[in-house]
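Engineer: Here you go, this is entry-v1.cif (mmCIF, C-alpha atoms and all ligand atoms).
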```
data_target
#
loop_
_atom_site.label_atom_id
_atom_site.label_comp_id
_atom_site.auth_asym_id
_atom_site.auth_seq_id
_atom_site.Cartn_x
_atom_site.Cartn_y
_atom_site.Cartn_z
CA MET A 1 -52.46 166.40 104.16
CA ASN A 2 -53.71 167.16 100.64
CA ARG A 3 -51.92 170.04 99.05
CA ILE A 4 -54.10 172.72 97.56
CA GLN A 5 -53.37 173.46 93.94
CA LYS A 6 -54.12 176.49 91.84
CA PRO A 7 -57.34 176.30 89.84
CA LYS A 8 -57.03 174.65 86.43
CA GLY A 9 -55.93 177.04 83.70
CA THR A 10 -54.45 179.66 86.02
CA LEU A 11 -50.87 180.80 86.17
CA ASP A 12 -48.36 181.54 88.95
CA ILE A 13 -45.99 184.21 87.73
CA LEU A 14 -42.91 183.48 89.81
CA PRO A 15 -40.08 185.84 90.78
CA GLU A 16 -37.84 184.18 88.19
CA ASP A 17 -40.32 185.18 85.44
CA ILE A 18 -41.38 188.56 86.71
CA GLY A 19 -38.45 190.44 85.15
CA LEU A 20 -39.70 189.50 81.69
CA TRP A 21 -43.27 190.52 82.55
CA GLN A 22 -42.07 193.87 83.86
CA TYR A 23 -39.88 194.36 80.81
CA ILE A 24 -42.95 193.87 78.60
CA GLU A 25 -45.12 196.03 80.85
CA ASN A 26 -42.59 198.86 80.63
CA ALA A 27 -42.48 198.58 76.84
CA VAL A 28 -46.32 198.59 76.77
CA ARG A 29 -46.56 201.67 78.97
CA GLU A 30 -43.91 203.53 77.00
CA THR A 31 -45.57 202.70 73.67
CA ALA A 32 -48.94 203.83 75.04
CA ARG A 33 -47.39 207.04 76.34
CA VAL A 34 -45.79 208.11 73.08
CA ASN A 35 -49.10 207.42 71.34
CA GLY A 36 -50.99 209.58 73.85
CA PHE A 37 -52.96 206.76 75.50
CA SER A 38 -53.76 207.06 79.24
CA GLU A 39 -54.21 204.08 81.52
CA ILE A 40 -57.63 203.13 82.83
CA ARG A 41 -58.32 200.47 85.48
CA MET A 42 -61.74 198.86 85.67
CA PRO A 43 -63.38 196.52 88.18
CA THR A 44 -62.54 192.83 87.91
CA PHE A 45 -66.25 191.99 87.87
CA GLU A 46 -69.20 193.74 86.30
CA ALA A 47 -72.94 193.22 85.89
CA THR A 48 -73.40 190.13 83.70
CA GLU A 49 -75.79 192.12 81.54
CA LEU A 50 -72.96 194.43 80.46
CA PHE A 51 -71.20 191.57 78.69
CA CYS A 52 -74.44 190.05 77.34
CA ARG A 53 -75.39 193.35 75.74
CA GLY A 54 -71.95 194.72 74.98
CA VAL A 55 -70.07 191.63 73.79
CA GLY A 56 -73.13 189.60 72.71
CA ASP A 57 -74.63 186.46 74.17
CA THR A 58 -74.19 184.45 70.96
CA THR A 59 -70.42 184.79 71.27
CA ASP A 60 -68.35 181.98 72.79
CA VAL A 61 -66.83 184.43 75.24
CA VAL A 62 -70.17 185.31 76.82
CA GLY A 63 -72.31 182.32 75.89
CA LYS A 64 -69.88 179.60 76.95
CA GLU A 65 -66.81 180.92 78.70
CA MET A 66 -67.88 183.46 81.29
CA TYR A 67 -67.46 182.98 85.05
CA THR A 68 -70.84 184.13 86.31
CA PHE A 69 -72.11 184.07 89.88
CA ILE A 70 -75.13 185.29 91.76
CA ASP A 71 -74.23 187.80 94.46
CA LYS A 72 -75.89 187.71 97.89
CA ASP A 73 -78.39 190.35 96.80
CA GLY A 74 -79.48 188.18 93.89
CA SER A 75 -77.75 190.19 91.18
CA SER A 76 -75.78 188.40 88.50
CA LEU A 77 -72.11 189.36 88.25
CA SER A 78 -69.37 188.08 85.97
CA LEU A 79 -65.60 188.14 86.06
CA ARG A 80 -64.55 190.33 83.13
CA PRO A 81 -63.87 188.14 80.07
CA GLU A 82 -62.55 191.11 78.05
CA GLY A 83 -61.90 194.81 78.51
CA THR A 84 -63.78 196.73 75.85
CA ALA A 85 -67.26 196.47 77.40
CA GLY A 86 -66.00 197.54 80.84
CA VAL A 87 -64.17 200.54 79.41
CA ALA A 88 -67.30 201.51 77.43
CA ARG A 89 -69.36 201.31 80.61
CA SER A 90 -66.83 203.45 82.42
CA VAL A 91 -66.73 206.01 79.59
CA ILE A 92 -70.51 206.37 79.89
CA GLU A 93 -70.76 206.23 83.67
CA ASN A 94 -68.02 208.82 84.20
CA GLY A 95 -69.08 211.06 81.34
CA LEU A 96 -65.70 210.72 79.62
CA TYR A 97 -67.51 210.96 76.27
CA ALA A 98 -68.14 214.65 77.04
CA GLY A 99 -64.42 215.42 77.49
CA ALA A 100 -61.61 216.04 75.02
CA MET A 101 -61.75 213.92 71.90
CA PRO A 102 -60.29 211.67 70.73
CA LEU A 103 -60.29 209.80 74.01
CA LYS A 104 -57.37 207.35 74.06
CA LEU A 105 -57.32 204.76 76.81
CA TYR A 106 -55.34 201.62 77.52
CA TYR A 107 -55.40 198.88 80.10
CA LEU A 108 -53.06 196.12 81.17
CA SER A 109 -55.32 193.75 83.05
CA ASN A 110 -56.24 190.18 83.76
CA PHE A 111 -59.32 188.54 82.21
CA PHE A 112 -61.19 185.33 82.82
CA ARG A 113 -62.64 182.79 80.41
CA ARG A 114 -63.57 179.22 81.14
CA GLU A 115 -61.78 177.74 78.15
CA LYS A 116 -60.01 174.44 77.69
CA PRO A 117 -56.52 175.18 79.01
CA GLN A 118 -53.73 174.58 76.48
CA ALA A 119 -50.63 176.33 75.20
CA GLY A 120 -51.51 180.00 74.69
CA ARG A 121 -54.92 179.58 76.27
CA SER A 122 -55.57 179.85 79.98
CA ARG A 123 -58.57 180.65 82.16
CA GLU A 124 -57.00 183.72 83.64
CA PHE A 125 -54.89 185.65 81.18
CA TRP A 126 -53.47 189.13 80.65
CA GLN A 127 -54.17 191.60 77.93
CA PHE A 128 -52.81 194.93 76.89
CA GLY A 129 -55.79 196.69 75.36
CA THR A 130 -56.35 200.04 73.72
CA GLU A 131 -59.59 201.91 73.10
CA LEU A 132 -59.67 205.02 70.92
CA TYR A 133 -63.00 206.91 71.04
CA GLY A 134 -64.26 209.83 69.01
CA SER A 135 -62.92 209.36 65.48
CA SER A 136 -64.62 207.41 62.74
CA LEU A 137 -61.76 208.03 60.32
CA PRO A 138 -59.35 205.40 59.00
CA GLU A 139 -56.55 207.46 60.55
CA ALA A 140 -57.80 206.28 63.96
CA ASP A 141 -57.74 202.63 62.83
CA ALA A 142 -54.25 203.18 61.47
CA GLN A 143 -52.97 204.76 64.67
CA VAL A 144 -54.22 201.88 66.79
CA ILE A 145 -52.77 199.31 64.40
CA MET A 146 -49.46 201.17 64.26
CA LEU A 147 -49.32 201.32 68.04
CA ALA A 148 -49.45 197.52 68.24
CA ASP A 149 -46.97 197.26 65.38
CA SER A 150 -44.53 199.63 67.08
CA LEU A 151 -44.69 197.62 70.30
CA PHE A 152 -43.78 194.43 68.42
CA LYS A 153 -40.92 196.27 66.73
CA LYS A 154 -39.74 197.78 70.02
CA LEU A 155 -39.53 194.27 71.45
CA GLY A 156 -37.61 193.16 68.35
CA LEU A 157 -40.20 190.70 66.99
CA LYS A 158 -39.78 189.96 63.32
CA LYS A 159 -42.14 187.10 62.65
CA VAL A 160 -45.42 188.92 63.21
CA THR A 161 -47.96 189.24 60.41
CA LEU A 162 -50.67 191.87 60.33
CA ARG A 163 -53.93 190.69 58.77
CA ILE A 164 -56.71 193.13 58.06
CA ASN A 165 -60.28 192.85 56.85
CA SER A 166 -63.53 194.79 56.97
CA ILE A 167 -66.75 193.18 58.10
CA GLY A 168 -68.96 196.11 57.08
CA CYS A 169 -71.38 198.36 58.87
CA PRO A 170 -75.10 197.96 59.69
CA GLU A 171 -75.77 199.08 56.10
CA CYS A 172 -73.80 196.36 54.33
CA ARG A 173 -74.24 193.68 56.98
CA PRO A 174 -77.79 192.54 55.97
CA SER A 175 -76.76 191.57 52.42
CA PHE A 176 -73.69 189.77 53.75
CA ARG A 177 -75.74 188.10 56.45
CA ARG A 178 -78.21 186.79 53.84
CA ALA A 179 -75.40 185.49 51.66
CA LEU A 180 -73.86 183.72 54.64
CA LEU A 181 -77.16 182.25 55.74
CA ASP A 182 -77.84 180.90 52.22
CA TYR A 183 -74.37 179.44 52.05
CA PHE A 184 -74.25 177.77 55.47
CA SER A 185 -77.87 176.54 55.28
CA GLN A 186 -76.74 174.01 52.67
CA TYR A 187 -74.53 172.40 55.30
CA GLU A 188 -76.70 173.07 58.32
CA SER A 189 -77.01 169.45 59.44
CA GLU A 190 -73.21 169.03 59.42
CA LEU A 191 -72.34 172.12 61.45
CA CYS A 192 -71.41 171.79 65.13
CA ASP A 193 -74.24 172.03 67.69
CA THR A 194 -73.36 175.61 68.66
CA CYS A 195 -73.24 176.82 65.08
CA ARG A 196 -76.53 175.10 64.18
CA GLU A 197 -78.08 176.90 67.10
CA ARG A 198 -76.67 180.32 66.26
CA LEU A 199 -76.87 180.12 62.48
CA GLN A 200 -80.18 182.00 62.22
CA LYS A 201 -79.37 184.45 64.99
CA ASN A 202 -75.85 185.31 63.95
CA PRO A 203 -74.39 183.48 60.92
CA LEU A 204 -71.18 185.55 61.22
CA ARG A 205 -70.22 183.50 64.26
CA VAL A 206 -69.88 180.34 62.14
CA LEU A 207 -66.96 182.03 60.37
CA ASP A 208 -65.13 182.21 63.68
CA CYS A 209 -65.90 178.65 64.84
CA LYS A 210 -62.84 176.54 65.61
CA SER A 211 -64.44 173.12 64.90
CA PRO A 212 -62.80 171.48 61.87
CA ILE A 213 -66.07 170.99 59.95
CA CYS A 214 -67.38 174.53 60.44
CA SER A 215 -64.01 176.14 59.75
CA GLY A 216 -63.68 173.90 56.65
CA TYR A 217 -66.93 175.24 55.22
CA ALA A 218 -66.04 178.76 56.38
CA LYS A 219 -63.08 178.76 53.99
CA ASN A 220 -65.32 178.95 50.92
CA ALA A 221 -68.05 181.10 52.48
CA PRO A 222 -68.99 184.47 50.95
CA LYS A 223 -66.46 187.18 51.75
CA THR A 224 -67.39 190.36 53.62
CA LEU A 225 -65.24 192.45 51.28
CA GLU A 226 -67.54 191.51 48.38
CA HIS A 227 -70.51 193.00 50.24
CA LEU A 228 -69.13 196.30 51.51
CA CYS A 229 -71.12 199.49 50.95
CA GLY A 230 -69.43 202.49 49.33
CA ASN A 231 -68.48 204.08 52.65
CA CYS A 232 -66.99 200.94 54.12
CA ASN A 233 -65.11 200.29 50.93
CA ASP A 234 -63.64 203.82 50.89
CA HIS A 235 -62.72 203.54 54.55
CA PHE A 236 -60.92 200.26 53.97
CA GLU A 237 -59.06 201.57 50.91
CA LYS A 238 -57.91 204.65 52.86
CA LEU A 239 -56.73 202.51 55.75
CA LYS A 240 -54.64 200.40 53.40
CA LYS A 241 -53.12 203.55 51.88
CA LEU A 242 -52.25 204.95 55.32
CA LEU A 243 -50.53 201.69 56.24
CA ASP A 244 -48.72 201.59 52.89
CA ASP A 245 -47.55 205.18 53.32
CA CYS A 246 -46.16 204.40 56.78
CA GLY A 247 -44.41 201.26 55.58
CA ILE A 248 -46.56 198.88 57.62
CA GLU A 249 -46.84 195.53 55.88
CA TYR A 250 -50.13 193.63 55.98
CA ILE A 251 -52.16 190.92 54.33
CA VAL A 252 -55.82 191.39 53.47
CA ASP A 253 -57.34 188.29 55.00
CA PRO A 254 -61.09 187.76 54.48
CA ALA A 255 -61.03 185.01 57.13
CA ILE A 256 -60.55 187.55 59.94
CA VAL A 257 -64.00 188.23 61.42
CA ARG A 258 -63.22 188.40 65.18
CA GLY A 259 -65.17 186.54 67.82
CA LEU A 260 -67.06 189.37 69.49
CA ASP A 261 -70.35 190.90 68.30
CA TYR A 262 -69.44 194.53 68.71
CA TYR A 263 -67.09 194.80 65.74
CA THR A 264 -68.07 196.85 62.66
CA GLY A 265 -65.94 197.80 59.68
CA THR A 266 -62.21 197.31 60.16
CA VAL A 267 -61.03 194.16 61.93
CA PHE A 268 -57.44 193.01 62.27
CA GLU A 269 -55.18 190.47 63.88
CA PHE A 270 -51.46 190.14 64.38
CA THR A 271 -50.41 186.51 64.12
CA VAL A 272 -47.19 184.71 64.91
CA ASP A 273 -46.97 181.34 63.24
CA SER A 274 -44.19 180.00 65.42
CA ILE A 275 -46.39 179.95 68.53
CA GLY A 276 -48.62 177.20 67.14
CA ALA A 277 -52.39 176.86 67.12
CA GLN A 278 -53.05 179.92 69.31
CA SER A 279 -51.23 182.15 66.87
CA THR A 280 -53.15 185.39 67.36
CA VAL A 281 -51.19 187.69 69.66
CA CYS A 282 -53.40 190.69 69.05
CA GLY A 283 -56.91 191.14 67.76
CA GLY A 284 -59.00 194.24 67.31
CA GLY A 285 -61.11 196.44 65.14
CA ARG A 286 -63.74 199.12 65.03
CA TYR A 287 -66.86 199.06 67.19
CA ASP A 288 -68.83 202.18 66.37
CA GLY A 289 -72.11 200.81 67.76
CA LEU A 290 -70.90 199.57 71.14
CA LEU A 291 -71.36 202.66 73.27
CA SER A 292 -74.93 203.28 72.15
CA SER A 293 -75.79 199.59 72.54
CA ILE A 294 -75.14 199.84 76.27
CA GLY A 295 -77.00 203.09 76.80
CA GLY A 296 -74.38 205.70 75.85
CA PRO A 297 -74.25 208.22 73.05
CA GLU A 298 -73.21 207.36 69.50
CA LEU A 299 -69.43 207.50 69.56
CA PRO A 300 -67.15 205.76 67.08
CA ALA A 301 -64.37 203.63 68.55
CA VAL A 302 -61.50 201.38 67.56
CA GLY A 303 -59.11 199.28 69.63
CA PHE A 304 -57.41 195.96 70.22
CA GLY A 305 -56.59 193.34 72.83
CA MET A 306 -53.13 191.80 72.96
CA GLY A 307 -52.44 188.57 74.84
CA ILE A 308 -49.37 188.92 77.07
CA THR A 309 -48.65 185.21 77.48
CA ARG A 310 -48.73 184.73 73.72
CA LEU A 311 -46.44 187.74 73.35
CA ILE A 312 -44.02 186.14 75.82
CA GLN A 313 -44.08 182.90 73.84
CA ALA A 314 -43.32 184.83 70.66
CA LEU A 315 -40.36 186.56 72.36
CA LYS A 316 -39.03 183.22 73.57
CA ASP A 317 -39.39 181.68 70.12
CA GLU A 318 -37.39 184.50 68.54
CA ASN A 319 -34.78 184.38 71.33
CA LEU A 320 -35.62 187.92 72.36
CA VAL A 321 -35.82 187.46 76.11
CA PRO A 322 -33.35 190.02 77.48
CA GLU A 323 -30.80 189.24 80.17
CA LEU A 324 -32.45 190.78 83.18
CA LYS A 325 -30.71 191.64 86.42
CA SER A 326 -31.76 189.75 89.49
CA GLY A 327 -30.30 189.97 92.97
CA CYS A 328 -29.08 192.91 94.97
CA ASP A 329 -26.47 195.54 94.10
CA ILE A 330 -24.38 194.70 97.12
CA TYR A 331 -24.39 191.94 99.71
CA ILE A 332 -22.68 192.80 102.98
CA ALA A 333 -21.38 189.67 104.67
CA PRO A 334 -20.65 190.21 108.39
CA LEU A 335 -18.11 188.06 110.21
CA GLY A 336 -18.90 187.83 113.90
CA GLU A 337 -21.40 189.29 116.33
CA SER A 338 -20.31 192.95 116.38
CA ALA A 339 -19.93 193.04 112.60
CA ASN A 340 -23.53 191.90 112.38
CA GLY A 341 -24.87 195.13 113.81
CA PHE A 342 -22.48 197.18 111.68
CA ALA A 343 -23.54 195.43 108.47
CA PHE A 344 -27.21 195.69 109.36
CA LYS A 345 -26.93 199.46 109.79
CA LEU A 346 -24.75 199.99 106.71
CA ALA A 347 -27.22 198.03 104.54
CA LYS A 348 -30.04 200.25 105.76
CA GLN A 349 -28.06 203.42 105.02
CA LEU A 350 -27.31 202.19 101.49
CA ARG A 351 -30.96 201.26 100.88
CA ASP A 352 -31.94 204.77 101.91
CA GLU A 353 -29.69 206.00 99.09
CA GLY A 354 -31.44 203.77 96.55
CA ILE A 355 -28.86 200.95 96.55
CA ALA A 356 -30.29 197.43 96.72
CA ALA A 357 -28.30 196.23 99.73
CA GLU A 358 -28.70 192.98 101.63
CA THR A 359 -27.03 191.50 104.64
CA ASP A 360 -27.28 188.34 106.70
CA ILE A 361 -30.52 187.93 108.61
CA CYS A 362 -30.16 184.18 109.15
CA LYS A 363 -26.91 184.06 111.19
CA ARG A 364 -25.19 181.94 108.56
CA SER A 365 -21.53 181.06 108.06
CA LEU A 366 -19.47 183.15 105.65
CA LYS A 367 -19.43 180.22 103.23
CA ALA A 368 -23.22 179.96 103.27
CA GLN A 369 -23.56 183.71 102.84
CA MET A 370 -21.22 183.71 99.84
CA LYS A 371 -23.22 180.90 98.31
CA TYR A 372 -26.43 182.86 98.79
CA ALA A 373 -24.93 186.06 97.34
CA ASP A 374 -23.72 184.16 94.31
CA LYS A 375 -26.95 182.23 93.76
CA SER A 376 -29.22 185.22 94.17
CA GLY A 377 -27.16 187.26 91.69
CA ALA A 378 -25.59 189.96 93.87
CA ASP A 379 -23.35 192.33 91.89
CA TYR A 380 -20.87 192.94 94.74
CA VAL A 381 -20.03 191.38 98.06
CA LEU A 382 -18.41 193.24 100.93
CA VAL A 383 -16.98 191.13 103.78
CA VAL A 384 -16.78 192.95 107.10
CA GLY A 385 -15.24 191.54 110.26
CA ASP A 386 -13.93 193.19 113.44
CA ASN A 387 -10.58 194.01 111.80
CA GLU A 388 -12.21 195.72 108.84
CA ILE A 389 -14.42 197.75 111.12
CA ALA A 390 -11.42 198.79 113.22
CA GLU A 391 -9.43 199.80 110.13
CA GLY A 392 -12.42 201.35 108.36
CA VAL A 393 -11.54 199.51 105.15
CA ALA A 394 -12.84 196.25 103.64
CA GLU A 395 -12.58 194.20 100.48
CA LEU A 396 -15.23 194.68 97.82
CA ARG A 397 -15.61 191.74 95.46
CA ASP A 398 -17.10 192.21 91.99
CA MET A 399 -19.07 188.97 91.58
CA ARG A 400 -19.07 189.09 87.76
CA SER A 401 -15.38 189.78 87.12
CA GLY A 402 -14.01 188.37 90.36
CA GLU A 403 -11.99 191.60 90.80
CA ARG A 404 -11.31 192.71 94.40
CA VAL A 405 -10.68 196.26 95.54
CA LYS A 406 -10.29 197.95 98.92
CA VAL A 407 -13.05 200.31 99.88
CA ALA A 408 -13.52 202.65 102.85
CA LEU A 409 -16.42 201.59 105.03
CA SER A 410 -18.56 204.63 104.39
CA LYS A 411 -21.71 204.69 102.35
CA GLU A 412 -20.28 207.42 100.08
CA ALA A 413 -17.17 205.38 99.22
CA ILE A 414 -19.24 202.23 98.64
CA ILE A 415 -21.72 204.04 96.40
CA GLU A 416 -18.83 205.45 94.36
CA LYS A 417 -17.12 202.06 93.94
CA THR A 418 -20.29 200.16 93.03
CA ALA A 419 -21.69 202.82 90.67
CA LYS A 420 -22.20 201.39 87.19
P1 LIG A 501 -58.82 183.21 70.14
O1 LIG A 501 -59.40 183.20 68.78
O2 LIG A 501 -57.38 182.82 70.19
O3 LIG A 501 -59.67 182.48 71.14
P2 LIG A 501 -60.14 185.61 70.82
O4 LIG A 501 -60.72 186.06 69.53
O5 LIG A 501 -61.00 184.92 71.78
O6 LIG A 501 -58.83 184.73 70.56
P3 LIG A 501 -59.86 188.26 71.91
O7 LIG A 501 -61.06 188.16 72.74
O8 LIG A 501 -59.91 189.16 70.75
O9 LIG A 501 -59.38 186.81 71.50
O10 LIG A 501 -58.61 188.62 72.82
C1 LIG A 501 -57.46 189.29 72.30
C2 LIG A 501 -56.21 188.51 72.57
O11 LIG A 501 -56.15 188.04 73.90
C3 LIG A 501 -56.07 187.24 71.74
O12 LIG A 501 -55.60 187.53 70.47
C4 LIG A 501 -55.08 186.46 72.56
O13 LIG A 501 -53.76 186.90 72.30
C5 LIG A 501 -55.47 186.80 73.96
N1 LIG A 501 -56.32 185.75 74.54
C6 LIG A 501 -57.64 185.56 74.34
N2 LIG A 501 -58.09 184.51 75.05
C7 LIG A 501 -57.01 184.03 75.73
C8 LIG A 501 -56.81 182.96 76.65
N3 LIG A 501 -57.80 182.19 77.04
N4 LIG A 501 -55.57 182.75 77.16
C9 LIG A 501 -54.53 183.55 76.78
N5 LIG A 501 -54.65 184.57 75.93
C10 LIG A 501 -55.87 184.82 75.40
MG MG A 502 -61.33 182.94 72.22
#
```
As a first step, turn the structure in this file into structure tokens.
Ligand code: ATP
Ligand code: MG

Structural biologist:
Amino acid sequence: MNRIQKPKGTLDILPEDIGLWQYIENAVRETARVNGFSEIRMPTFEATELFCRGVGDTTDVVGKEMYTFIDKDGSSLSLRPEGTAGVARSVIENGLYAGAMPLKLYYLSNFFRREKPQAGRSREFWQFGTELYGSSLPEADAQVIMLADSLFKKLGLKKVTLRINSIGCPECRPSFRRALLDYFSQYESELCDTCRERLQKNPLRVLDCKSPICSGYAKNAPKTLEHLCGNCNDHFEKLKKLLDDCGIEYIVDPAIVRGLDYYTGTVFEFTVDSIGAQSTVCGGGRYDGLLSSIGGPELPAVGFGMGITRLIQALKDENLVPELKSGCDIYIAPLGESANGFAFKLAKQLRDEGIAAETDICKRSLKAQMKYADKSGADYVLVVGDNEIAEGVAELRDMRSGERVKVALSKEAIIEKTAK
């Protein structure tokens, strides 16, 4: 019979890998907590229109990569390709904009984009994202940037580069847009099909195109920083000062424009060169116009999305994957029928006390049980046979050091001897 395989570009996260994921998730949650960000969980699918209006239908994410389907009632739904639009919808729908400000939210969720699968790029992927609402000041940009930076530092990453830029506000955008249009129009016939199509509608997108010809021309295109209005310029200068004052290193990189339409003003990326072509582990910026564009009030916002699989790759490349414990705290190996029942009950009593205890549930030989305990990474093994039960004492083997000690067959004595 044909075996069914997982869909192209998806990932099985197996038990052997889950320790690393949980290690990262714990670091994420702790970093969010000390920064005062609360978790929010959104639906996996939303009205397609949310992403068309919120993210923009000239973006690759919405225009080309979204998983869209028509529901039985005829409505168009899409698997979430990113988190910011869904959070914005939730902030409006639940009236969170009327609560305490600033509103600081984070998510750790899976997203879906129909991209060409390759290293660092899958069709279902995970992001840690933050959204800070209610402050238009550079301090808010700095806090969000520093949050990402502190997570990288917490995980021990050294080879991460912060790149910042400003793409201006609705006031400075028209002059920049005109300059871009004039510049790219000279090469219009050479641009890729998508860029030719979206040049008039949104010339900024050409700057973010990955095709070699478009990105080649993008290198010498007009720079946003040369077109900033006074306010945007001040904002950007203050942000740089805040980062300088806090000892956060960065590069001003005019090539950072971000692939989604909602960005205004500050944009940034954290890149890791060692992880190859998909080097951006985190991308974000300010999106002051997003909430109002989907029917909410005017509310400034700034945030980022961080790719977990790329973060994992970066940790592996810098040899920062910690030794994580697998296997139980104690494996109780029964010898014989009556010992079976004893071990079964003792294991349960230990589990009730918070000790990860296992025993034989396959009726295997002692040799096979020892092999299992060793392979699965048990810390201790306790062998109990009829004699041990009669005497009330058994041998406890420390599987790391090989040391053997006698222990009374009571849960209290076992807990004491196996305590770390
Ligand atoms: P890229 O330019 O690499 O396509 P993007 O601009 O599309 O990234 P965002 O939408 O800003 O990315 O998402 C933020 C982060 O999420 C990225 O920096 C990356 O780390 C991660 N990410 C985005 N798309 C994928 C994907 N298909 N597979 C794995 N991680 C992804
Ligand atoms: Mg992309």

Engineer: Sorted by chain and rising residue number, list the residues of range 217-266 of chain A at most 7 Å from range 43-66 of chain A (counting all atoms listed in the file), each with its closest atom pair and distance in Å to one decimal, as CSV.

Structural biologist:
```
residue,atom,partner,partner_atom,distance
A:Gly259,CA,A:Thr59,CA,6.5
A:Leu260,CA,A:Val55,CA,5.7
A:Asp261,CA,A:Gly56,CA,5.4
A:Tyr262,CA,A:Val55,CA,5.9
```

Engineer: What box, with edges along x, y and z, holds each listed atom of ligand LIG 501 (chain A) when 5 Å is added on every side, and can you state its centre and edge lengths in Å to one decimal, as lines of an AutoDock Vina configuration file?

Structural biologist:
```
center_x = -57.4
center_y = 185.7
center_z = 73.0
size_x = 17.3
size_y = 17.1
size_z = 18.4
```

Engineer: Taking only C-alpha atoms and all ligand atoms and a cut-off of 12 Å, can you tell me which residues surround ligand MG 502 (chain A), written as a PyMOL selection string?

Structural biologist: chain A and resi 59-66+81-82+111-117+120-123+125+205+208-210+258-260+277-283+305+307

Engineer: Taking 4 positions as the minimum chain separation for residues in the same chain, which residues sit within 8 Å of Ala314 in chain A when counting all atoms listed in the file? Answer as a list in words.

Structural biologist: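 In the requested format, the answer is Leu157, Val272, Ser274, Ile275, Arg310 and Glu318 of chain A.
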
Engineer: Which residue out of A:Phe184, A:Tyr287, A:Tyr331, A:Trp126 has the minimum interatomic distance to ligand LIG 501 (chain A) when all atoms listed in the file are used?

Structural biologist: A:Trp126

Engineer: With distances taken over all atoms listed in the file, which of A:Lys348, A:Lys316, A:Arg173, A:Lys406 is nearest to Leu155 in chain A?

Structural biologist: A:Lys316

Engineer: How about completing range 358-362 of chain A with all heavy atoms and giving it to me as a compact mmCIF listing (two decimals), keeping the file's coordinate frame?

Structural biologist:
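Okay, this is what ended up in part.txt:
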```
# COMPACT_ATOMS: atom_id res chain seq x y z
N GLU A 358 -28.22 194.05 100.75
CA GLU A 358 -28.70 192.98 101.63
C GLU A 358 -27.59 192.62 102.61
O GLU A 358 -26.40 192.81 102.31
CB GLU A 358 -29.05 191.73 100.82
CG GLU A 358 -30.37 191.82 100.10
CD GLU A 358 -30.75 190.45 99.55
OE1 GLU A 358 -30.82 189.48 100.34
OE2 GLU A 358 -30.95 190.36 98.34
N THR A 359 -28.02 192.04 103.72
CA THR A 359 -27.03 191.50 104.64
C THR A 359 -27.62 190.24 105.27
O THR A 359 -28.74 189.86 104.96
CB THR A 359 -26.62 192.56 105.68
OG1 THR A 359 -25.56 192.02 106.47
CG2 THR A 359 -27.77 192.92 106.61
N ASP A 360 -26.85 189.62 106.13
CA ASP A 360 -27.28 188.34 106.70
C ASP A 360 -28.37 188.55 107.75
O ASP A 360 -28.15 189.28 108.72
CB ASP A 360 -26.06 187.66 107.33
CG ASP A 360 -26.43 186.32 107.93
OD1 ASP A 360 -27.17 185.58 107.26
OD2 ASP A 360 -26.00 186.03 109.07
N ILE A 361 -29.49 187.89 107.55
CA ILE A 361 -30.52 187.93 108.61
C ILE A 361 -30.85 186.52 109.07
O ILE A 361 -31.88 186.27 109.66
CB ILE A 361 -31.81 188.68 108.16
CG1 ILE A 361 -32.30 188.17 106.80
CG2 ILE A 361 -31.58 190.18 108.10
CD1 ILE A 361 -33.67 188.69 106.41
N CYS A 362 -29.93 185.57 108.77
CA CYS A 362 -30.16 184.18 109.15
C CYS A 362 -29.03 183.64 110.03
O CYS A 362 -28.98 182.45 110.31
CB CYS A 362 -30.30 183.30 107.92
SG CYS A 362 -31.63 183.77 106.84
```
